Structures are given as structure tokens and as C-alpha cells.
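Since the structure comes first, as C-alpha cells, the remarks are kept for the end.
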Amino acid sequence: MGKKIVTFGEMMMRLTTPGNLRLQQSRHFDVNFGGSEGNVAVSIASYGGDVSLVTALPDNPLGHVCLMKLREHSVGTDEIMMMKGERLGTYIVEKAADMRAASVIYDRKDSAFARLRPGMIDWKRAFRDAEIFHWSGIDAALTQGLTDVCHEAIDAADRLGLTISCDINYRKNLWQYGKSAEEVLVPLMRKSDIVFGSAGEYEKALNLKAPAFDARSAAGEVDAAAFEDYCKQVEQKLPRCKYMFIALRRVITSEHHVMAGVLYTGGRLLTTRVYEVNNVIDSMGVGDAFVGAMLYAYQNYADDQAKLDFATGGSVLKNTIVGDYNMVTVAEVEGLVGGGSAEMRR
């Protein structure tokens with residue numbers, strides 16, 4: 001088991017329309033809590049990893065319920081700031097159905113997390129006994145102040161010798177403060193040892209056209225030559241990156257997805273088999289599930305192919321779980337990767 005992993009990001013209250021109702025049809029919501037970096041932390045904890053989240057919550061009943069939920073999932077909360085007079089961000093999810101896409105409405109302006117500025121977090125204390133620091137592009141998308149906090153955190157982690165992990169996490173609707181994702185994210189990504197994103201997110205952040213993933217079933221393949229060439233181009237822009245993970249997904253309908261994973265490391269490209277998910281229950285947090293499994297595997301598997309297979313398998317299983325959190329075990333992921341069946345266990 002590796003040392004502690006520290007994640008940094010915003011937790012929010014998630015309001016989901018029940019069943020397949022549209023927003024205007026709903027009279028109540030299913031309530032839960034989520035947020036990309038918190039989802040990553042829950043995933044790592046579910047595998048038995050040592051993980052903590054650094055964030056800010058309002059010192060009110062909603063903030064304390066969110067804190068309790070993280071503790072229920074064995075996520076370390078010692079470095080969470082409880083702030084007076086602030087609010088908890090929310091997001092409303094209208095679930096997808098067949099050919100109708102899901103939609104997300106954010107309400108996170110002036111949240112406790114959005115008020116964070118450099119100097120407010122004791123990073124030396126937060127990184128005590130830690131091996132990996134994980135941040136994501138969502139943090140830097142919200143405010144200039146949070147971009148500055150990301151630089152502060154990454155520089156502190158670098159001075160302390162931590163491995164720095166980045167999820168590009170491009171969200172078009174969040175970039176509202178006058179900066180583009182490319183000008184903000186690339187300098188931060190250049191300080192990261194591990195980088196994760198979908199092919200589209202790499203394309204948005206780096207302005208490099210990504211290869212297509214055209215598989216429509218489990219019989220499909222990854223165009224390894226095209227992705228190897230692409231990763232070499234990315235490597236020129238991110239020379240520090242030692243592990244470049246790419247999640248591949250083709251959406252046939254909202255319930256039918258085809259997925260695979262790519263890893264470029266040490267000058268070579270690795271790919272997984274193609275997975276076909278024919279009954280997607282909830283695709284929210286699938287990328288976070290990949291990252292959580294990836295960071296757990298980074299610490300616990302020596303073989304790079306095993307790292308990639310575990311990360312992709314964890315993200316595939318998340319499609320079967322309601323909510324943001326990927327509550328699966330190491331044995332379940334290893335069973336899927338090893339070709340196990342979905343028969344009932346008795």
C-alpha cells in the first residue's frame with residue numbers, strides 16, 4: 001500500500017431529476033453530494049487506499065452533511081476548511097434517455113470553495129506523509145484566485161517531492177472569467193507528472209486534433225498507431241509528463257457506450273481491450289472513476305499494462321452505479337479485467 005494521496009477540489013450538492021423526468025416535469029429531486037476530486041478520493045478509499053480531500057465547505061448544515069458523507073466513505077477530512085457565511089455550490093442533473101443527452105446546470109458562484117485564495121491553505125501540513133497530489137482543470141476554470149491556488153499547491157507539492165497528477169477536466173460552461181482553458185491549463189499541466197483526460201479534453205487544452213475512436217462494439221479496436229503519433233505530439237508540449245492516460249468513449253445511445261483506455265509512457269503506447277456497456281445506469285463521474293483507479297493502480301501495480309487495465313476497468317464499472325461515487329472493490333475490477341462474468345455471486 002502506498003502513502004497518502006491528496007486531492008484538491010470542490011464538493012457540491014447534486015440534485016437529480018428522478019427517473020427519466022425532464023426538469024420541467026420534476027416536483028422533487030434526488031439529493032446527493034459530489035465533485036470531481038472528491039469522487040476520485042471516494043474511489044481510492046473504496047479500494048483501500050489512504051486518501052484525503054482538501055477543500056472548503058460552508059459552516060452550515062449542508063456543509064456538515066457533505067463532510068459526514070466524505071467520512072462515511074473513509075476519505076480524510078482533516079484539511080477541509082469550514083467557512084462562515086458562505087454557500088455550498090450545487091448542480092442539477094437531468095438524466096439522459098436513449099437519444100436525448102444528459103444536461104447539467106451549475107450553481108456554484110461565490111461558494112466557499114470559490115472564495116479560496118493563495119495563503120489560506122497550509123499545504124505543507126496538507127501534504128504531510130503524502131506521495132501524490134491530484135488536481136483538476138475544474139479548479140482553475142472557476143476563478144483567477146483558484147488558478148493561483150493551483151499554482152501554489154503544485155509548487156508546494158513539487159518542493160516536497162510529491163508526484164503530481166492532473167485531470168484536464170475541461171468543462172466549457174465553467175470558463176467565465178475571461179481566460180481560455182489553453183492559456184490557463186497548459187502551464188499547470190507542464191508541472192504534472194501524470195496527466196489524464198479524454199481525447200477531446202486533450203484536444204481542447206492543447207489545441208491538438210485528436211484521433212477518432214470509432215468502435216461501435218466490443219469487437220472494435222483502438223487505432224494504436226494514430227494515438228502513438230498523437231501522444232508524441234502531446235509529449236512535446238508536456239515534457240515532464242511520465243504517464244499520459246487517455247480515456248476513450250463512443251456514445252451510441254445514452255444507455256449504450258463503448259470504452260477503452262490508452263497509456264503512453266516511456267516512449268511506448270499501451271491500449272486496453274474495448275468494453276461495451278449496454279445498460280448505462282449513470283455515466284456521471286466515469287472519468288473520476290478512471291482517475292481514482294489509475295492512482296490506486298499507480299501505487300499498487302508495478303506493471304504499466306496492469307495500471308491501465310485496472311484504471312479502465314474501474315471506469316467501466318462506474319457506469320453501473322447511481323450517483324457520482326464509484327463504490328466498487330479491487331476484486332470486482334480485477335474480475336472484470338480478467339474476463340469474469342456478471343453472474344450472481346452466492
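Each chain in the C-alpha cells gets a letter, A, B and so on, in the order shown; residues start at 1 in every chain, and ligands are counted from 1 in the order they appear.
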Close residues, range 296-309 of chain A itself excluded, 7 Å, only C-alpha atoms, min 4 positions apart in chain, as a list in words: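 So, after excluding close chain neighbours, the residues are Met1, Gly2, Ile44, Gly49, Gly261, Leu263, Leu270, Thr272, Gly292, Gly313 and Val337 of chain A.
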Close residues, Gly35 in chain A itself excluded, 8 Å, only C-alpha atoms, min 3 positions apart in chain, as a list in words: Gly9, Glu10, Met11, Met12, Gly38, Asn39 and Asp324 of chain A
Export, as a short mmCIF file (atom, residue, chain, number, x, y, z; two decimals), in the first residue's frame, the selected residues with C-alpha atoms.
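What follows is the written file out.cif:
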```cif
data_model
loop_
_atom_site.label_atom_id
_atom_site.label_comp_id
_atom_site.auth_asym_id
_atom_site.auth_seq_id
_atom_site.Cartn_x
_atom_site.Cartn_y
_atom_site.Cartn_z
CA GLY A 9 -11.35 20.39 -5.44
CA GLU A 10 -14.90 21.49 -4.79
CA MET A 11 -17.68 19.39 -3.27
CA MET A 12 -21.26 20.27 -4.23
CA GLY A 38 -13.96 14.23 -4.10
CA ASN A 39 -15.25 11.47 -6.38
CA ASP A 324 -21.06 10.30 -8.59
#
```
Expected answer as a count of residues only: strand (DSSP E or B) residues in range 4-67 of chain A: 22
Using only C-alpha atoms: which of A:Trp175, A:Ser165, A:Phe290, A:Phe33 has the shortest distance to Gln144 in chain A: A:Trp175
Between CA of Val104 in chain A and CA of Leu116 in chain A, distance in Å (one decimal):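 Separation of CA of Val104 in chain A and CA of Leu116 in chain A: 23.8 Å.
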Gap from CA of Glu131 in chain A to CA of Phe8 in chain A - Å, one decimal: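 Atom-to-atom, CA of Glu131 in chain A to CA of Phe8 in chain A, that is 14.2 Å.
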Counting only C-alpha atoms, what are the residues of range 41-156 of chain A within 9 Å of range 185-204 of chain A, and for each of them which pair of atoms is the nearest and at what distance in Å, to one decimal? Sort the table by chain and rising number, as a tab-separated table.
```
residue	atom	partner	partner_atom	distance
A:Gly137	CA	A:Leu185	CA	6.6
A:Ala140	CA	A:Leu185	CA	7.3
A:Ala141	CA	A:Leu185	CA	8.6
A:Thr147	CA	A:Leu185	CA	8.8
A:Cys150	CA	A:Leu188	CA	7.7
A:His151	CA	A:Leu188	CA	6.8
A:Ile154	CA	A:Lys191	CA	7.3
A:Asp155	CA	A:Lys191	CA	8.2
```
Find the spatial neighbours of range 84-94 of chain A, counting only C-alpha atoms, within a cut-off of 9 Å - ignore same-chain residues fewer than 3 positions away - and output them as a PDB file with N, CA, C and O atoms, in the first residue's frame.
```pdb
ATOM      1  N   GLU A  10     -13.644  21.061  -5.396  1.00  0.00           N
ATOM      2  CA  GLU A  10     -14.902  21.485  -4.790  1.00  0.00           C
ATOM      3  C   GLU A  10     -15.886  20.330  -4.642  1.00  0.00           C
ATOM      4  O   GLU A  10     -16.063  19.524  -5.549  1.00  0.00           O
ATOM      5  N   MET A  11     -16.542  20.278  -3.480  1.00  0.00           N
ATOM      6  CA  MET A  11     -17.678  19.388  -3.268  1.00  0.00           C
ATOM      7  C   MET A  11     -18.957  20.202  -3.398  1.00  0.00           C
ATOM      8  O   MET A  11     -19.038  21.345  -2.945  1.00  0.00           O
ATOM      9  N   MET A  12     -19.977  19.595  -4.014  1.00  0.00           N
ATOM     10  CA  MET A  12     -21.256  20.265  -4.227  1.00  0.00           C
ATOM     11  C   MET A  12     -22.408  19.334  -3.900  1.00  0.00           C
ATOM     12  O   MET A  12     -22.231  18.124  -3.767  1.00  0.00           O
ATOM     13  N   MET A  13     -23.585  19.931  -3.752  1.00  0.00           N
ATOM     14  CA  MET A  13     -24.795  19.141  -3.621  1.00  0.00           C
ATOM     15  C   MET A  13     -25.335  18.846  -5.017  1.00  0.00           C
ATOM     16  O   MET A  13     -25.488  19.752  -5.837  1.00  0.00           O
ATOM     17  N   ARG A  14     -25.582  17.571  -5.279  1.00  0.00           N
ATOM     18  CA  ARG A  14     -26.123  17.155  -6.570  1.00  0.00           C
ATOM     19  C   ARG A  14     -27.624  16.932  -6.445  1.00  0.00           C
ATOM     20  O   ARG A  14     -28.080  16.179  -5.581  1.00  0.00           O
ATOM     21  N   LEU A  15     -28.395  17.588  -7.317  1.00  0.00           N
ATOM     22  CA  LEU A  15     -29.849  17.433  -7.385  1.00  0.00           C
ATOM     23  C   LEU A  15     -30.175  16.770  -8.724  1.00  0.00           C
ATOM     24  O   LEU A  15     -29.891  17.336  -9.777  1.00  0.00           O
ATOM     25  N   THR A  16     -30.771  15.573  -8.675  1.00  0.00           N
ATOM     26  CA  THR A  16     -31.018  14.806  -9.891  1.00  0.00           C
ATOM     27  C   THR A  16     -32.513  14.610 -10.094  1.00  0.00           C
ATOM     28  O   THR A  16     -33.231  14.234  -9.159  1.00  0.00           O
ATOM     29  N   THR A  17     -32.988  14.869 -11.299  1.00  0.00           N
ATOM     30  CA  THR A  17     -34.389  14.599 -11.597  1.00  0.00           C
ATOM     31  C   THR A  17     -34.636  13.092 -11.481  1.00  0.00           C
ATOM     32  O   THR A  17     -33.851  12.293 -11.985  1.00  0.00           O
ATOM     33  N   PRO A  18     -35.710  12.668 -10.803  1.00  0.00           N
ATOM     34  CA  PRO A  18     -35.944  11.232 -10.618  1.00  0.00           C
ATOM     35  C   PRO A  18     -36.357  10.550 -11.909  1.00  0.00           C
ATOM     36  O   PRO A  18     -36.977  11.165 -12.791  1.00  0.00           O
ATOM     37  N   ASN A  20     -36.548   9.296 -15.467  1.00  0.00           N
ATOM     38  CA  ASN A  20     -36.129   9.976 -16.694  1.00  0.00           C
ATOM     39  C   ASN A  20     -36.911  11.269 -16.920  1.00  0.00           C
ATOM     40  O   ASN A  20     -37.064  11.728 -18.056  1.00  0.00           O
ATOM     41  N   LEU A  21     -37.378  11.880 -15.835  1.00  0.00           N
ATOM     42  CA  LEU A  21     -38.147  13.111 -15.958  1.00  0.00           C
ATOM     43  C   LEU A  21     -37.267  14.258 -16.436  1.00  0.00           C
ATOM     44  O   LEU A  21     -36.098  14.357 -16.082  1.00  0.00           O
ATOM     45  N   ARG A  22     -37.873  15.147 -17.209  1.00  0.00           N
ATOM     46  CA  ARG A  22     -37.213  16.381 -17.578  1.00  0.00           C
ATOM     47  C   ARG A  22     -37.356  17.369 -16.416  1.00  0.00           C
ATOM     48  O   ARG A  22     -38.196  17.200 -15.524  1.00  0.00           O
ATOM     49  N   LEU A  23     -36.527  18.408 -16.436  1.00  0.00           N
ATOM     50  CA  LEU A  23     -36.515  19.363 -15.337  1.00  0.00           C
ATOM     51  C   LEU A  23     -37.896  19.964 -15.105  1.00  0.00           C
ATOM     52  O   LEU A  23     -38.358  20.085 -13.951  1.00  0.00           O
ATOM     53  N   PHE A  29     -36.320  16.308  -6.190  1.00  0.00           N
ATOM     54  CA  PHE A  29     -35.024  15.849  -6.679  1.00  0.00           C
ATOM     55  C   PHE A  29     -34.453  14.776  -5.767  1.00  0.00           C
ATOM     56  O   PHE A  29     -34.720  14.758  -4.563  1.00  0.00           O
ATOM     57  N   PHE A  33     -24.189  14.206  -2.890  1.00  0.00           N
ATOM     58  CA  PHE A  33     -23.070  15.144  -2.921  1.00  0.00           C
ATOM     59  C   PHE A  33     -21.991  14.593  -3.847  1.00  0.00           C
ATOM     60  O   PHE A  33     -21.778  13.383  -3.917  1.00  0.00           O
ATOM     61  N   LEU A  57     -15.761  24.120   2.735  1.00  0.00           N
ATOM     62  CA  LEU A  57     -17.200  23.923   2.836  1.00  0.00           C
ATOM     63  C   LEU A  57     -17.793  25.018   3.705  1.00  0.00           C
ATOM     64  O   LEU A  57     -17.117  25.545   4.597  1.00  0.00           O
ATOM     65  N   PRO A  58     -19.063  25.343   3.489  1.00  0.00           N
ATOM     66  CA  PRO A  58     -19.690  26.322   4.371  1.00  0.00           C
ATOM     67  C   PRO A  58     -19.951  25.720   5.754  1.00  0.00           C
ATOM     68  O   PRO A  58     -20.302  24.546   5.869  1.00  0.00           O
ATOM     69  N   ASP A  59     -19.763  26.525   6.770  1.00  0.00           N
ATOM     70  CA  ASP A  59     -20.004  26.075   8.139  1.00  0.00           C
ATOM     71  C   ASP A  59     -21.495  26.206   8.446  1.00  0.00           C
ATOM     72  O   ASP A  59     -21.929  27.049   9.239  1.00  0.00           O
ATOM     73  N   ASN A  60     -22.273  25.364   7.784  1.00  0.00           N
ATOM     74  CA  ASN A  60     -23.732  25.335   7.978  1.00  0.00           C
ATOM     75  C   ASN A  60     -24.195  23.888   7.823  1.00  0.00           C
ATOM     76  O   ASN A  60     -23.377  23.003   7.526  1.00  0.00           O
ATOM     77  N   LEU A  62     -25.699  22.142   5.517  1.00  0.00           N
ATOM     78  CA  LEU A  62     -25.362  21.478   4.256  1.00  0.00           C
ATOM     79  C   LEU A  62     -23.884  21.112   4.196  1.00  0.00           C
ATOM     80  O   LEU A  62     -23.516  20.015   3.767  1.00  0.00           O
ATOM     81  N   GLY A  63     -23.033  22.042   4.633  1.00  0.00           N
ATOM     82  CA  GLY A  63     -21.601  21.764   4.640  1.00  0.00           C
ATOM     83  C   GLY A  63     -21.260  20.600   5.554  1.00  0.00           C
ATOM     84  O   GLY A  63     -20.428  19.753   5.212  1.00  0.00           O
ATOM     85  N   ALA A 101     -29.588  13.567 -24.704  1.00  0.00           N
ATOM     86  CA  ALA A 101     -28.386  13.683 -23.873  1.00  0.00           C
ATOM     87  C   ALA A 101     -28.733  14.191 -22.474  1.00  0.00           C
ATOM     88  O   ALA A 101     -29.749  14.867 -22.272  1.00  0.00           O
ATOM     89  N   ALA A 102     -27.870  13.864 -21.521  1.00  0.00           N
ATOM     90  CA  ALA A 102     -27.996  14.415 -20.178  1.00  0.00           C
ATOM     91  C   ALA A 102     -27.619  15.891 -20.209  1.00  0.00           C
ATOM     92  O   ALA A 102     -26.923  16.364 -21.110  1.00  0.00           O
ATOM     93  N   SER A 103     -28.093  16.649 -19.214  1.00  0.00           N
ATOM     94  CA  SER A 103     -27.703  18.052 -19.093  1.00  0.00           C
ATOM     95  C   SER A 103     -27.370  18.354 -17.637  1.00  0.00           C
ATOM     96  O   SER A 103     -27.912  17.740 -16.721  1.00  0.00           O
ATOM     97  N   VAL A 104     -26.445  19.305 -17.449  1.00  0.00           N
ATOM     98  CA  VAL A 104     -26.017  19.709 -16.108  1.00  0.00           C
ATOM     99  C   VAL A 104     -26.110  21.226 -16.009  1.00  0.00           C
ATOM    100  O   VAL A 104     -25.622  21.943 -16.880  1.00  0.00           O
ATOM    101  N   ILE A 105     -26.743  21.705 -14.947  1.00  0.00           N
ATOM    102  CA  ILE A 105     -26.826  23.132 -14.658  1.00  0.00           C
ATOM    103  C   ILE A 105     -26.026  23.389 -13.386  1.00  0.00           C
ATOM    104  O   ILE A 105     -26.313  22.805 -12.336  1.00  0.00           O
ATOM    105  N   TYR A 106     -25.015  24.257 -13.462  1.00  0.00           N
ATOM    106  CA  TYR A 106     -24.179  24.575 -12.307  1.00  0.00           C
ATOM    107  C   TYR A 106     -24.691  25.823 -11.594  1.00  0.00           C
ATOM    108  O   TYR A 106     -25.121  26.787 -12.231  1.00  0.00           O
ATOM    109  N   ASP A 107     -24.628  25.797 -10.275  1.00  0.00           N
ATOM    110  CA  ASP A 107     -24.907  26.978  -9.450  1.00  0.00           C
ATOM    111  C   ASP A 107     -23.839  26.995  -8.359  1.00  0.00           C
ATOM    112  O   ASP A 107     -24.055  26.531  -7.247  1.00  0.00           O
ATOM    113  N   ARG A 108     -22.661  27.515  -8.696  1.00  0.00           N
ATOM    114  CA  ARG A 108     -21.532  27.424  -7.776  1.00  0.00           C
ATOM    115  C   ARG A 108     -20.815  28.765  -7.587  1.00  0.00           C
ATOM    116  O   ARG A 108     -19.774  28.822  -6.940  1.00  0.00           O
ATOM    117  N   LYS A 109     -21.376  29.846  -8.114  1.00  0.00           N
ATOM    118  CA  LYS A 109     -20.749  31.150  -7.961  1.00  0.00           C
ATOM    119  C   LYS A 109     -20.734  31.566  -6.486  1.00  0.00           C
ATOM    120  O   LYS A 109     -21.717  31.395  -5.763  1.00  0.00           O
ATOM    121  N   ASP A 110     -19.607  32.120  -6.040  1.00  0.00           N
ATOM    122  CA  ASP A 110     -19.441  32.607  -4.666  1.00  0.00           C
ATOM    123  C   ASP A 110     -19.598  31.516  -3.614  1.00  0.00           C
ATOM    124  O   ASP A 110     -19.960  31.786  -2.472  1.00  0.00           O
ATOM    125  N   SER A 111     -19.323  30.274  -3.988  1.00  0.00           N
ATOM    126  CA  SER A 111     -19.327  29.193  -2.998  1.00  0.00           C
ATOM    127  C   SER A 111     -18.126  29.329  -2.081  1.00  0.00           C
ATOM    128  O   SER A 111     -17.206  30.111  -2.348  1.00  0.00           O
ATOM    129  N   ALA A 112     -18.130  28.588  -0.985  1.00  0.00           N
ATOM    130  CA  ALA A 112     -16.993  28.606  -0.060  1.00  0.00           C
ATOM    131  C   ALA A 112     -15.710  28.272  -0.799  1.00  0.00           C
ATOM    132  O   ALA A 112     -14.672  28.919  -0.609  1.00  0.00           O
ATOM    133  N   PHE A 113     -15.750  27.269  -1.656  1.00  0.00           N
ATOM    134  CA  PHE A 113     -14.549  26.865  -2.394  1.00  0.00           C
ATOM    135  C   PHE A 113     -14.088  27.964  -3.345  1.00  0.00           C
ATOM    136  O   PHE A 113     -12.889  28.239  -3.465  1.00  0.00           O
ATOM    137  N   ALA A 114     -15.037  28.606  -4.027  1.00  0.00           N
ATOM    138  CA  ALA A 114     -14.678  29.641  -4.997  1.00  0.00           C
ATOM    139  C   ALA A 114     -14.028  30.847  -4.339  1.00  0.00           C
ATOM    140  O   ALA A 114     -13.367  31.640  -5.018  1.00  0.00           O
ATOM    141  N   ARG A 115     -14.174  30.985  -3.019  1.00  0.00           N
ATOM    142  CA  ARG A 115     -13.586  32.116  -2.309  1.00  0.00           C
ATOM    143  C   ARG A 115     -12.136  31.860  -1.889  1.00  0.00           C
ATOM    144  O   ARG A 115     -11.486  32.749  -1.329  1.00  0.00           O
TER     145      ARG A 115
END
```
Separation of CA of Leu336 in chain A from CA of Ser74 in chain A in Å: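 Separation of CA of Ser74 in chain A and CA of Leu336 in chain A: 24.3 Å.
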Contact residues around Thr77 in chain A with only C-alpha atoms at 10 Å, ignoring same-chain residues under 2 positions, as a list in words: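 So, after excluding close chain neighbours, the residues are Val51, Ser52, Leu53, Val54, Thr55, Leu67, Met68, Leu70, Arg71, Ser74, Val75, Glu79, Ile80 and Met81 of chain A.
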N, CA, C and O atoms of the current selection, written as a CSV table (one decimal), in the first residue's frame:
```csv
chain,number,residue,atom,x,y,z
A,51,VAL,N,-6.4,8.3,1.5
A,51,VAL,CA,-6.6,9.5,0.7
A,51,VAL,C,-7.3,10.5,1.5
A,51,VAL,O,-8.1,10.2,2.4
A,52,SER,N,-7.0,11.8,1.2
A,52,SER,CA,-7.7,12.9,1.8
A,52,SER,C,-8.0,14.0,0.8
A,52,SER,O,-7.4,14.0,-0.3
A,53,LEU,N,-9.0,14.8,1.1
A,53,LEU,CA,-9.5,15.8,0.2
A,53,LEU,C,-9.2,17.2,0.9
A,53,LEU,O,-9.5,17.4,2.1
A,54,VAL,N,-8.7,18.1,0.1
A,54,VAL,CA,-8.5,19.5,0.6
A,54,VAL,C,-9.6,20.3,-0.1
A,54,VAL,O,-9.6,20.3,-1.4
A,55,THR,N,-10.4,21.0,0.6
A,55,THR,CA,-11.5,21.8,0.0
A,55,THR,C,-12.0,22.8,1.1
A,55,THR,O,-11.4,22.8,2.2
A,67,LEU,N,-19.6,16.9,4.7
A,67,LEU,CA,-18.4,16.4,5.4
A,67,LEU,C,-18.7,15.0,6.0
A,67,LEU,O,-17.8,14.2,5.9
A,68,MET,N,-19.9,14.8,6.5
A,68,MET,CA,-20.2,13.5,7.0
A,68,MET,C,-20.2,12.4,5.9
A,68,MET,O,-19.7,11.3,6.1
A,70,LEU,N,-18.4,12.4,3.2
A,70,LEU,CA,-17.0,12.0,2.9
A,70,LEU,C,-16.4,11.1,3.9
A,70,LEU,O,-15.7,10.1,3.6
A,71,ARG,N,-16.7,11.4,5.2
A,71,ARG,CA,-16.2,10.5,6.3
A,71,ARG,C,-16.8,9.1,6.2
A,71,ARG,O,-16.2,8.1,6.5
A,74,SER,N,-14.7,7.0,4.2
A,74,SER,CA,-13.3,6.8,4.6
A,74,SER,C,-12.3,7.8,3.9
A,74,SER,O,-11.1,7.5,3.8
A,75,VAL,N,-12.8,8.9,3.5
A,75,VAL,CA,-12.0,10.0,2.9
A,75,VAL,C,-11.5,10.9,4.1
A,75,VAL,O,-12.3,11.3,4.9
A,79,GLU,N,-8.0,18.4,6.5
A,79,GLU,CA,-7.6,19.7,5.9
A,79,GLU,C,-8.8,20.4,5.2
A,79,GLU,O,-8.6,21.2,4.3
A,80,ILE,N,-10.0,20.0,5.5
A,80,ILE,CA,-11.2,20.7,4.9
A,80,ILE,C,-11.5,21.9,5.8
A,80,ILE,O,-11.6,21.8,7.0
A,81,MET,N,-11.6,23.1,5.2
A,81,MET,CA,-11.9,24.3,5.8
A,81,MET,C,-13.4,24.5,5.9
A,81,MET,O,-14.1,24.4,4.9
```
Thr7 in chain A surroundings by only C-alpha atoms, 6 Å radius, close-in-sequence under 2 positions cut, as a PyMOL selection string: chain A and resi 37+53+133-134
Picked from range 34-271 of chain A by DSSP as alpha helix (DSSP H), as a PyMOL selection string: chain A and resi 36-46+61-72+123-126+137-142+144-159+181-189+199-206+224-237
Among listed residues A:Gly338, A:Lys95, A:Val328, A:Asn207, nearest Gly48 in chain A (using only C-alpha atoms): A:Val328
Residue contacts of Tyr325 in chain A (9 Å, only C-alpha atoms) excluding same-chain residues fewer than 6 positions away, as JSON, numbers by chain: {"A": [34, 38, 39, 40, 42, 43, 284, 285, 286, 288, 289, 318]}
Kindly export the residues of the current selection with all heavy atoms, as a PDB file, in the first residue's frame.
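Result file follows (out00.pdb):
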```pdb
ATOM      1  N   GLY A  34     -21.330  15.483  -4.569  1.00  0.00           N
ATOM      2  CA  GLY A  34     -20.283  15.052  -5.481  1.00  0.00           C
ATOM      3  C   GLY A  34     -19.392  16.205  -5.877  1.00  0.00           C
ATOM      4  O   GLY A  34     -19.611  17.354  -5.500  1.00  0.00           O
ATOM      5  N   GLY A  38     -13.386  15.019  -5.185  1.00  0.00           N
ATOM      6  CA  GLY A  38     -13.960  14.229  -4.097  1.00  0.00           C
ATOM      7  C   GLY A  38     -14.366  12.850  -4.573  1.00  0.00           C
ATOM      8  O   GLY A  38     -14.194  11.855  -3.864  1.00  0.00           O
ATOM      9  N   ASN A  39     -14.909  12.772  -5.807  1.00  0.00           N
ATOM     10  CA  ASN A  39     -15.249  11.470  -6.381  1.00  0.00           C
ATOM     11  C   ASN A  39     -14.013  10.590  -6.531  1.00  0.00           C
ATOM     12  O   ASN A  39     -14.052   9.382  -6.281  1.00  0.00           O
ATOM     13  CB  ASN A  39     -15.886  11.650  -7.759  1.00  0.00           C
ATOM     14  CG  ASN A  39     -17.152  12.482  -7.738  1.00  0.00           C
ATOM     15  OD1 ASN A  39     -17.775  12.667  -6.700  1.00  0.00           O
ATOM     16  ND2 ASN A  39     -17.532  12.993  -8.894  1.00  0.00           N
ATOM     17  N   VAL A  40     -12.917  11.210  -6.953  1.00  0.00           N
ATOM     18  CA  VAL A  40     -11.647  10.478  -7.061  1.00  0.00           C
ATOM     19  C   VAL A  40     -11.241   9.926  -5.707  1.00  0.00           C
ATOM     20  O   VAL A  40     -10.834   8.764  -5.574  1.00  0.00           O
ATOM     21  CB  VAL A  40     -10.544  11.407  -7.632  1.00  0.00           C
ATOM     22  CG1 VAL A  40      -9.159  10.757  -7.497  1.00  0.00           C
ATOM     23  CG2 VAL A  40     -10.820  11.734  -9.086  1.00  0.00           C
ATOM     24  N   VAL A  42     -13.141   9.235  -3.058  1.00  0.00           N
ATOM     25  CA  VAL A  42     -14.019   8.142  -2.632  1.00  0.00           C
ATOM     26  C   VAL A  42     -13.640   6.848  -3.344  1.00  0.00           C
ATOM     27  O   VAL A  42     -13.609   5.764  -2.738  1.00  0.00           O
ATOM     28  CB  VAL A  42     -15.491   8.494  -2.900  1.00  0.00           C
ATOM     29  CG1 VAL A  42     -16.396   7.277  -2.677  1.00  0.00           C
ATOM     30  CG2 VAL A  42     -15.945   9.635  -1.983  1.00  0.00           C
ATOM     31  N   SER A  43     -13.331   6.949  -4.632  1.00  0.00           N
ATOM     32  CA  SER A  43     -12.946   5.769  -5.395  1.00  0.00           C
ATOM     33  C   SER A  43     -11.679   5.134  -4.828  1.00  0.00           C
ATOM     34  O   SER A  43     -11.615   3.913  -4.621  1.00  0.00           O
ATOM     35  CB  SER A  43     -12.731   6.160  -6.865  1.00  0.00           C
ATOM     36  OG  SER A  43     -12.475   5.027  -7.665  1.00  0.00           O
ATOM     37  N   MET A 284     -22.278   9.853 -14.901  1.00  0.00           N
ATOM     38  CA  MET A 284     -21.615  10.926 -14.170  1.00  0.00           C
ATOM     39  C   MET A 284     -20.472  10.345 -13.335  1.00  0.00           C
ATOM     40  O   MET A 284     -20.651   9.344 -12.632  1.00  0.00           O
ATOM     41  CB  MET A 284     -22.603  11.640 -13.244  1.00  0.00           C
ATOM     42  CG  MET A 284     -23.642  12.465 -13.968  1.00  0.00           C
ATOM     43  SD  MET A 284     -22.971  13.957 -14.727  1.00  0.00           S
ATOM     44  CE  MET A 284     -22.635  14.949 -13.274  1.00  0.00           C
ATOM     45  N   GLY A 285     -19.305  10.958 -13.395  1.00  0.00           N
ATOM     46  CA  GLY A 285     -18.186  10.507 -12.578  1.00  0.00           C
ATOM     47  C   GLY A 285     -17.373   9.375 -13.169  1.00  0.00           C
ATOM     48  O   GLY A 285     -16.487   8.844 -12.487  1.00  0.00           O
ATOM     49  N   VAL A 286     -17.630   8.998 -14.426  1.00  0.00           N
ATOM     50  CA  VAL A 286     -16.883   7.891 -15.027  1.00  0.00           C
ATOM     51  C   VAL A 286     -15.409   8.263 -15.211  1.00  0.00           C
ATOM     52  O   VAL A 286     -14.510   7.456 -14.968  1.00  0.00           O
ATOM     53  CB  VAL A 286     -17.535   7.471 -16.364  1.00  0.00           C
ATOM     54  CG1 VAL A 286     -16.617   6.547 -17.146  1.00  0.00           C
ATOM     55  CG2 VAL A 286     -18.865   6.783 -16.097  1.00  0.00           C
ATOM     56  N   ASP A 288     -13.801  10.437 -13.342  1.00  0.00           N
ATOM     57  CA  ASP A 288     -13.252  10.452 -11.984  1.00  0.00           C
ATOM     58  C   ASP A 288     -12.933   9.037 -11.523  1.00  0.00           C
ATOM     59  O   ASP A 288     -11.937   8.805 -10.823  1.00  0.00           O
ATOM     60  CB  ASP A 288     -14.242  11.097 -11.011  1.00  0.00           C
ATOM     61  CG  ASP A 288     -14.677  12.486 -11.462  1.00  0.00           C
ATOM     62  OD1 ASP A 288     -13.858  13.179 -12.077  1.00  0.00           O
ATOM     63  OD2 ASP A 288     -15.832  12.852 -11.187  1.00  0.00           O
ATOM     64  N   ALA A 289     -13.787   8.087 -11.906  1.00  0.00           N
ATOM     65  CA  ALA A 289     -13.544   6.683 -11.554  1.00  0.00           C
ATOM     66  C   ALA A 289     -12.271   6.168 -12.207  1.00  0.00           C
ATOM     67  O   ALA A 289     -11.514   5.398 -11.612  1.00  0.00           O
ATOM     68  CB  ALA A 289     -14.734   5.825 -11.967  1.00  0.00           C
ATOM     69  N   LYS A 318     -18.118   1.958 -13.200  1.00  0.00           N
ATOM     70  CA  LYS A 318     -18.853   3.113 -12.670  1.00  0.00           C
ATOM     71  C   LYS A 318     -20.166   3.344 -13.415  1.00  0.00           C
ATOM     72  O   LYS A 318     -21.148   3.828 -12.836  1.00  0.00           O
ATOM     73  CB  LYS A 318     -17.979   4.384 -12.747  1.00  0.00           C
ATOM     74  CG  LYS A 318     -18.724   5.689 -12.493  1.00  0.00           C
ATOM     75  CD  LYS A 318     -19.363   5.749 -11.102  1.00  0.00           C
ATOM     76  CE  LYS A 318     -20.302   6.919 -10.932  1.00  0.00           C
ATOM     77  NZ  LYS A 318     -21.574   6.762 -11.647  1.00  0.00           N
TER      78      LYS A 318
END
```
Using only C-alpha atoms: which of A:Ser46, A:Met259, A:Ala157, A:Met83 has the shortest distance to Ala331 in chain A: A:Ser46
Using only C-alpha atoms: which of A:Leu160, A:Arg100, A:Ile132, A:Asp148 has the shortest distance to Arg117 in chain A: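 Ranking A:Leu160, A:Arg100, A:Ile132, A:Asp148 by distance to Arg117 in chain A, first place goes to A:Asp148.
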